[in-house]
>>> print(open('start-v3.txt').read())   # compact mmCIF, C-alpha atoms
# COMPACT_ATOMS: atom_id res chain seq x y z
CA MET A 1 23.63 -2.40 3.08
CA SER A 2 20.84 -1.09 5.33
CA SER A 3 17.26 -2.11 4.62
CA LEU A 4 16.44 1.55 3.87
CA ALA A 5 19.17 1.75 1.25
CA ALA A 6 18.00 -1.56 -0.24
CA MET A 7 14.52 -0.15 -0.90
CA ASP A 8 13.59 1.24 -4.29
CA GLY A 9 12.82 4.96 -4.65
CA PRO A 10 9.02 4.86 -4.19
CA ASN A 11 9.22 2.64 -1.09
CA ARG A 12 12.02 4.70 0.42
CA ARG A 13 10.04 7.90 -0.08
CA TYR A 14 6.90 6.25 1.32
CA LEU A 15 8.78 5.15 4.45
CA THR A 16 10.26 8.63 4.92
CA ARG A 17 6.86 10.29 4.47
CA THR A 18 5.19 7.78 6.79
CA MET A 19 7.77 8.38 9.51
CA ALA A 20 7.32 12.15 9.16
CA PHE A 21 3.51 12.05 9.32
CA MET A 22 3.34 9.43 12.05
CA GLY A 23 6.00 11.30 13.99
CA GLY A 24 3.71 14.35 14.01
CA TYR A 25 0.70 12.23 14.96
CA VAL A 26 2.53 10.58 17.86
CA ALA A 27 4.17 13.82 19.02
CA VAL A 28 0.85 15.70 19.35
CA ASN A 29 -0.79 12.79 21.14
CA VAL A 30 2.11 12.22 23.52
CA ALA A 31 2.17 15.95 24.29
CA ALA A 32 -1.57 15.83 25.01
CA ILE A 33 -1.20 12.76 27.24
CA LEU A 34 1.61 14.52 29.13
CA GLY A 35 -0.66 17.52 29.73
CA ALA A 36 0.78 20.03 27.27
CA PHE A 37 -2.71 21.03 26.13
CA ASP A 38 -4.58 20.74 29.42
CA GLU A 39 -5.72 24.39 29.34
CA ILE A 40 -7.56 23.96 26.04
CA ILE A 41 -9.04 20.48 26.55
CA GLY A 42 -12.84 20.87 26.58
CA GLU A 43 -12.59 24.38 25.07
CA PRO A 44 -13.25 25.36 21.42
CA ALA A 45 -9.46 25.46 20.91
CA GLY A 46 -9.43 21.80 21.85
CA ALA A 47 -11.50 21.04 18.76
CA ILE A 48 -8.83 22.70 16.64
CA LEU A 49 -6.25 20.53 18.38
CA GLY A 50 -8.34 17.50 17.39
CA LEU A 51 -8.26 18.61 13.75
CA ALA A 52 -4.51 19.17 14.00
CA VAL A 53 -4.07 15.55 15.02
CA ALA A 54 -6.13 14.51 11.99
CA ALA A 55 -3.84 16.40 9.58
CA PRO A 56 -1.07 13.75 9.67
CA ILE A 57 -3.73 11.13 8.91
CA ALA A 58 -4.66 12.98 5.73
CA GLY A 59 -0.94 13.25 5.02
CA GLN A 60 -0.53 9.51 5.40
CA ILE A 61 -3.32 8.86 2.91
CA TRP A 62 -1.54 11.23 0.49
CA ALA A 63 1.72 9.29 1.08
CA THR A 64 -0.08 6.07 0.15
CA LEU A 65 -1.50 7.65 -3.02
CA ALA A 66 1.97 8.98 -3.87
CA LEU A 67 3.42 5.48 -3.41
CA MET A 68 0.84 4.16 -5.85
CA ALA A 69 1.52 6.93 -8.38
CA GLU A 70 5.30 6.38 -8.22
CA SER A 71 5.21 2.55 -8.27
CA ASP A 72 4.79 0.09 -11.13
CA GLU A 73 1.43 -1.40 -12.07
CA PHE A 74 1.81 -4.51 -9.90
CA VAL A 75 2.65 -2.64 -6.68
CA ARG A 76 -0.06 -0.07 -7.48
CA THR A 77 -2.72 -2.75 -7.85
CA LEU A 78 -1.60 -4.65 -4.74
CA THR A 79 -1.61 -1.47 -2.65
CA ALA A 80 -5.07 -0.54 -3.90
CA LYS A 81 -6.47 -4.01 -3.16
CA ARG A 82 -4.99 -4.06 0.35
CA PHE A 83 -6.21 -0.52 1.04
CA ILE A 84 -9.75 -1.26 -0.12
CA VAL A 85 -10.00 -4.53 1.82
CA ALA A 86 -8.58 -2.98 5.01
CA ALA A 87 -10.81 0.11 4.69
CA GLY A 88 -13.87 -2.05 4.04
CA LEU A 89 -13.18 -4.28 7.02
CA ALA A 90 -12.46 -1.28 9.27
CA MET A 91 -15.71 0.40 8.22
CA ALA A 92 -17.69 -2.82 8.69
CA LEU A 93 -16.19 -3.53 12.12
CA PHE A 94 -16.46 0.05 13.37
CA SER A 95 -20.00 0.46 12.06
CA GLY A 96 -20.89 -2.87 13.63
CA TRP A 97 -19.48 -1.70 16.93
CA GLY A 98 -21.47 1.54 16.62
CA PHE A 99 -24.70 -0.42 16.19
CA MET A 100 -23.72 -2.65 19.09
CA GLU A 101 -23.40 0.54 21.17
CA SER A 102 -26.84 1.67 20.02
CA TYR A 103 -28.64 -1.64 20.38
CA GLY A 104 -26.49 -3.72 22.69
CA ASN A 105 -25.20 -1.25 25.24
CA VAL A 106 -21.56 -2.21 24.70
CA ALA A 107 -18.75 0.13 25.79
CA HIS A 108 -18.26 3.28 23.71
CA ALA A 109 -15.37 3.24 21.21
CA PRO A 110 -13.95 6.69 20.36
CA GLY A 111 -13.85 7.59 16.68
CA TRP A 112 -10.07 7.84 16.47
CA VAL A 113 -9.87 4.07 16.98
CA VAL A 114 -10.89 3.55 13.35
CA TYR A 115 -7.55 4.85 12.05
CA ALA A 116 -5.48 2.44 14.15
CA LEU A 117 -7.97 -0.30 13.30
CA PHE A 118 -7.56 0.40 9.57
CA TRP A 119 -3.74 0.19 9.62
CA GLY A 120 -3.83 -2.86 11.88
CA LEU A 121 -6.11 -4.56 9.35
CA TYR A 122 -3.90 -3.34 6.48
CA GLY A 123 -1.00 -5.13 8.14
CA LEU A 124 -3.06 -8.27 8.60
CA VAL A 125 -4.34 -8.45 5.02
CA THR A 126 -1.00 -7.58 3.39
CA PRO A 127 0.52 -11.10 3.55
CA LEU A 128 -2.81 -12.55 2.37
CA ILE A 129 -3.21 -10.35 -0.74
CA ARG A 130 -0.28 -11.24 -3.00
CA THR A 131 -1.78 -11.27 -6.48
CA SER A 132 -3.09 -8.38 -8.54
CA ARG A 133 -6.16 -10.35 -9.65
CA MET B 1 -1.34 -15.61 -17.28
CA LYS B 2 0.90 -18.47 -18.44
CA ASN B 3 4.14 -17.27 -19.95
CA ARG B 4 7.74 -18.15 -20.87
CA MET B 5 9.30 -15.20 -19.13
CA ARG B 6 11.46 -17.15 -16.69
CA ASP B 7 12.94 -19.30 -19.51
CA LEU B 8 13.45 -16.33 -21.82
CA ARG B 9 15.15 -14.35 -19.06
CA ALA B 10 17.36 -17.31 -18.10
CA GLU B 11 18.38 -17.83 -21.75
CA ARG B 12 19.66 -14.26 -21.80
CA GLY B 13 21.37 -14.56 -18.42
CA TRP B 14 19.39 -11.68 -16.92
CA THR B 15 18.38 -11.37 -13.28
CA GLN B 16 14.85 -10.32 -12.35
CA GLU B 17 16.30 -6.99 -11.26
CA GLU B 18 17.98 -6.42 -14.64
CA LEU B 19 14.84 -7.32 -16.56
CA GLY B 20 12.81 -5.08 -14.27
CA ARG B 21 15.14 -2.16 -14.98
CA ALA B 22 14.89 -2.80 -18.73
CA ILE B 23 11.09 -2.67 -18.74
CA GLY B 24 10.69 -0.06 -16.00
CA VAL B 25 9.18 -2.14 -13.19
CA SER B 26 10.33 -3.51 -9.83
CA ARG B 27 11.94 -6.93 -9.29
CA GLN B 28 8.78 -7.75 -7.33
CA ALA B 29 6.69 -7.10 -10.43
CA VAL B 30 8.91 -9.32 -12.60
CA ASN B 31 8.60 -12.10 -10.04
CA ALA B 32 4.81 -11.65 -9.96
CA LEU B 33 4.65 -11.92 -13.76
CA GLU B 34 6.81 -15.05 -13.81
CA THR B 35 4.76 -16.74 -11.09
CA GLU B 36 1.46 -15.74 -12.73
CA LYS B 37 0.42 -13.49 -9.85
CA HIS B 38 0.02 -10.53 -12.16
CA ASP B 39 -1.43 -10.18 -15.65
CA PRO B 40 0.48 -7.42 -17.46
CA SER B 41 -1.14 -4.39 -18.99
CA LEU B 42 -0.93 -4.14 -22.77
CA ASP B 43 1.76 -1.48 -22.37
CA LEU B 44 3.91 -3.74 -20.19
CA ALA B 45 3.37 -6.72 -22.49
CA TYR B 46 4.69 -4.66 -25.42
CA ARG B 47 7.68 -3.51 -23.36
CA LEU B 48 8.49 -7.18 -22.70
CA SER B 49 8.00 -7.93 -26.38
CA THR B 50 10.56 -5.23 -27.21
CA VAL B 51 13.27 -6.36 -24.76
CA PHE B 52 12.87 -10.06 -25.64
CA GLU B 53 12.56 -9.21 -29.37
CA LEU B 54 9.62 -11.57 -29.67
CA PRO B 55 5.92 -11.11 -30.45
CA VAL B 56 3.71 -10.96 -27.35
CA GLU B 57 2.11 -14.29 -28.35
CA GLN B 58 5.50 -16.01 -28.05
CA ILE B 59 5.93 -14.74 -24.49
CA PHE B 60 2.38 -15.13 -23.15
CA THR B 61 -0.10 -17.91 -23.88
CA ASN B 62 -3.29 -16.43 -25.28
CA PRO B 63 -5.95 -17.59 -22.77
CA HIS B 64 -8.71 -16.90 -25.29
CA ALA B 65 -7.25 -18.79 -28.24
>>> encode(input="start-v3.txt", output="structure tokens")
Amino acid sequence: MSSLAAMDGPNRRYLTRTMAFMGGYVAVNVAAILGAFDEIIGEPAGAILGLAVAAPIAGQIWATLALMAESDEFVRTLTAKRFIVAAGLAMALFSGWGFMESYGNVAHAPGWVVYALFWGLYGLVTPLIRTSR
Amino acid sequence: MKNRMRDLRAERGWTQEELGRAIGVSRQAVNALETEKHDPSLDLAYRLSTVFELPVEQIFTNPHA
């Protein structure tokens, strides 16, 4: 039995939705890196491209909320705790870096880093948060 | 919350998966209840009471008693 087939319904749907949204996110960014949007970079249309890349991020947040709505109370609580801790740490670290830029002249970090930072932290805190209390 | 779920389930010969299906939660949730990593909602406690055919107090130890 494949690991996908072994998953329960909510987790299988979450994985499918995540792959779809992240596929879109990666596809637009890879296309941009490969020069597909070179004519609009720096133009007003480039700002719309930036928003288009953000759409899968909003979709991923919806997928997480859907996982919580479709799961039992234990999984729902665990997911919420992990999400809150990861989001809090990401905000604290990214805000801290922003102040370090302002006051300490450290290298600039682009805003999109916060999304990757959040999911990286979510992965780190997941094995540490195992109780609903 | 301390409970007798593992013993009660074993007495009936049920797996965590089977108990989970009976009360509408995942095997992971049943395991979390048995290992005291999750305190059930009142609704879930009553569902357990129904499938085990026991009062809630005979499944969970009242921490306030």
>>> closest_atom_pairs(input="start-v3.txt", of="chain B", to="chain A", cutoff="10 Å", atoms="only C-alpha atoms", output="tab-separated table")
residue	atom	partner	partner_atom	distance
B:Gly24	CA	A:Asp72	CA	7.7
B:Val25	CA	A:Asp72	CA	5.3
B:Ser26	CA	A:Asp72	CA	6.7
B:Arg27	CA	A:Asp8	CA	9.7
B:Gln28	CA	A:Val75	CA	8.0
B:Ala29	CA	A:Phe74	CA	5.6
B:Val30	CA	A:Phe74	CA	9.0
B:Ala32	CA	A:Thr131	CA	7.5
B:Leu33	CA	A:Phe74	CA	8.8
B:Thr35	CA	A:Thr131	CA	9.7
B:Glu36	CA	A:Thr131	CA	8.3
B:Lys37	CA	A:Thr131	CA	4.6
B:His38	CA	A:Ser132	CA	5.2
B:Asp39	CA	A:Ser132	CA	7.5
B:Pro40	CA	A:Glu73	CA	8.1
B:Ser41	CA	A:Glu73	CA	8.0
B:Leu44	CA	A:Glu73	CA	8.8
>>> atom_distance(input="start-v3.txt", atom1="CA of Leu34 in chain A", atom2="CA of Phe94 in chain A")
28.0 Å
>>> residues_around(input="start-v3.txt", residues="Gly98 in chain A", least_positions_apart="6", cutoff="10 Å", atoms="all atoms listed in the file", output="PDB file with C-alpha atoms, keeping the file's coordinate frame")
ATOM      1  CA  ALA A  92     -17.690  -2.820   8.690  1.00  0.00           C
ATOM      2  CA  GLY A 104     -26.490  -3.720  22.690  1.00  0.00           C
ATOM      3  CA  ASN A 105     -25.200  -1.250  25.240  1.00  0.00           C
ATOM      4  CA  VAL A 106     -21.560  -2.210  24.700  1.00  0.00           C
ATOM      5  CA  ALA A 107     -18.750   0.130  25.790  1.00  0.00           C
ATOM      6  CA  HIS A 108     -18.260   3.280  23.710  1.00  0.00           C
ATOM      7  CA  ALA A 109     -15.370   3.240  21.210  1.00  0.00           C
ATOM      8  CA  PRO A 110     -13.950   6.690  20.360  1.00  0.00           C
ATOM      9  CA  GLY A 111     -13.850   7.590  16.680  1.00  0.00           C
TER      10      GLY A 111
END
>>> residues_near_point(input="start-v3.txt", point="(0.2, 8.2, -0.8)", cutoff="12 Å", atoms="all atoms listed in the file", output="CSV table (one decimal) with C-alpha atoms, in the frame of the given file")
chain,number,residue,atom,x,y,z
A,10,PRO,CA,9.0,4.9,-4.2
A,11,ASN,CA,9.2,2.6,-1.1
A,13,ARG,CA,10.0,7.9,-0.1
A,14,TYR,CA,6.9,6.2,1.3
A,15,LEU,CA,8.8,5.2,4.4
A,16,THR,CA,10.3,8.6,4.9
A,17,ARG,CA,6.9,10.3,4.5
A,18,THR,CA,5.2,7.8,6.8
A,21,PHE,CA,3.5,12.0,9.3
A,56,PRO,CA,-1.1,13.8,9.7
A,57,ILE,CA,-3.7,11.1,8.9
A,58,ALA,CA,-4.7,13.0,5.7
A,59,GLY,CA,-0.9,13.2,5.0
A,60,GLN,CA,-0.5,9.5,5.4
A,61,ILE,CA,-3.3,8.9,2.9
A,62,TRP,CA,-1.5,11.2,0.5
A,63,ALA,CA,1.7,9.3,1.1
A,64,THR,CA,-0.1,6.1,0.2
A,65,LEU,CA,-1.5,7.6,-3.0
A,66,ALA,CA,2.0,9.0,-3.9
A,67,LEU,CA,3.4,5.5,-3.4
A,68,MET,CA,0.8,4.2,-5.8
A,69,ALA,CA,1.5,6.9,-8.4
A,70,GLU,CA,5.3,6.4,-8.2
A,71,SER,CA,5.2,2.6,-8.3
A,76,ARG,CA,-0.1,-0.1,-7.5
A,79,THR,CA,-1.6,-1.5,-2.6
A,80,ALA,CA,-5.1,-0.5,-3.9
A,83,PHE,CA,-6.2,-0.5,1.0
>>> residues_near_point(input="start-v3.txt", point="(1.7, -17.1, -22.8)", cutoff="10 Å", atoms="only C-alpha atoms", output="short mmCIF file (atom, residue, chain, number, x, y, z; two decimals) with C-alpha atoms, in the coordinates of the input")
data_model
loop_
_atom_site.label_atom_id
_atom_site.label_comp_id
_atom_site.auth_asym_id
_atom_site.auth_seq_id
_atom_site.Cartn_x
_atom_site.Cartn_y
_atom_site.Cartn_z
CA MET B 1 -1.34 -15.61 -17.28
CA LYS B 2 0.90 -18.47 -18.44
CA ASN B 3 4.14 -17.27 -19.95
CA ARG B 4 7.74 -18.15 -20.87
CA MET B 5 9.30 -15.20 -19.13
CA VAL B 56 3.71 -10.96 -27.35
CA GLU B 57 2.11 -14.29 -28.35
CA GLN B 58 5.50 -16.01 -28.05
CA ILE B 59 5.93 -14.74 -24.49
CA PHE B 60 2.38 -15.13 -23.15
CA THR B 61 -0.10 -17.91 -23.88
CA ASN B 62 -3.29 -16.43 -25.28
CA PRO B 63 -5.95 -17.59 -22.77
#
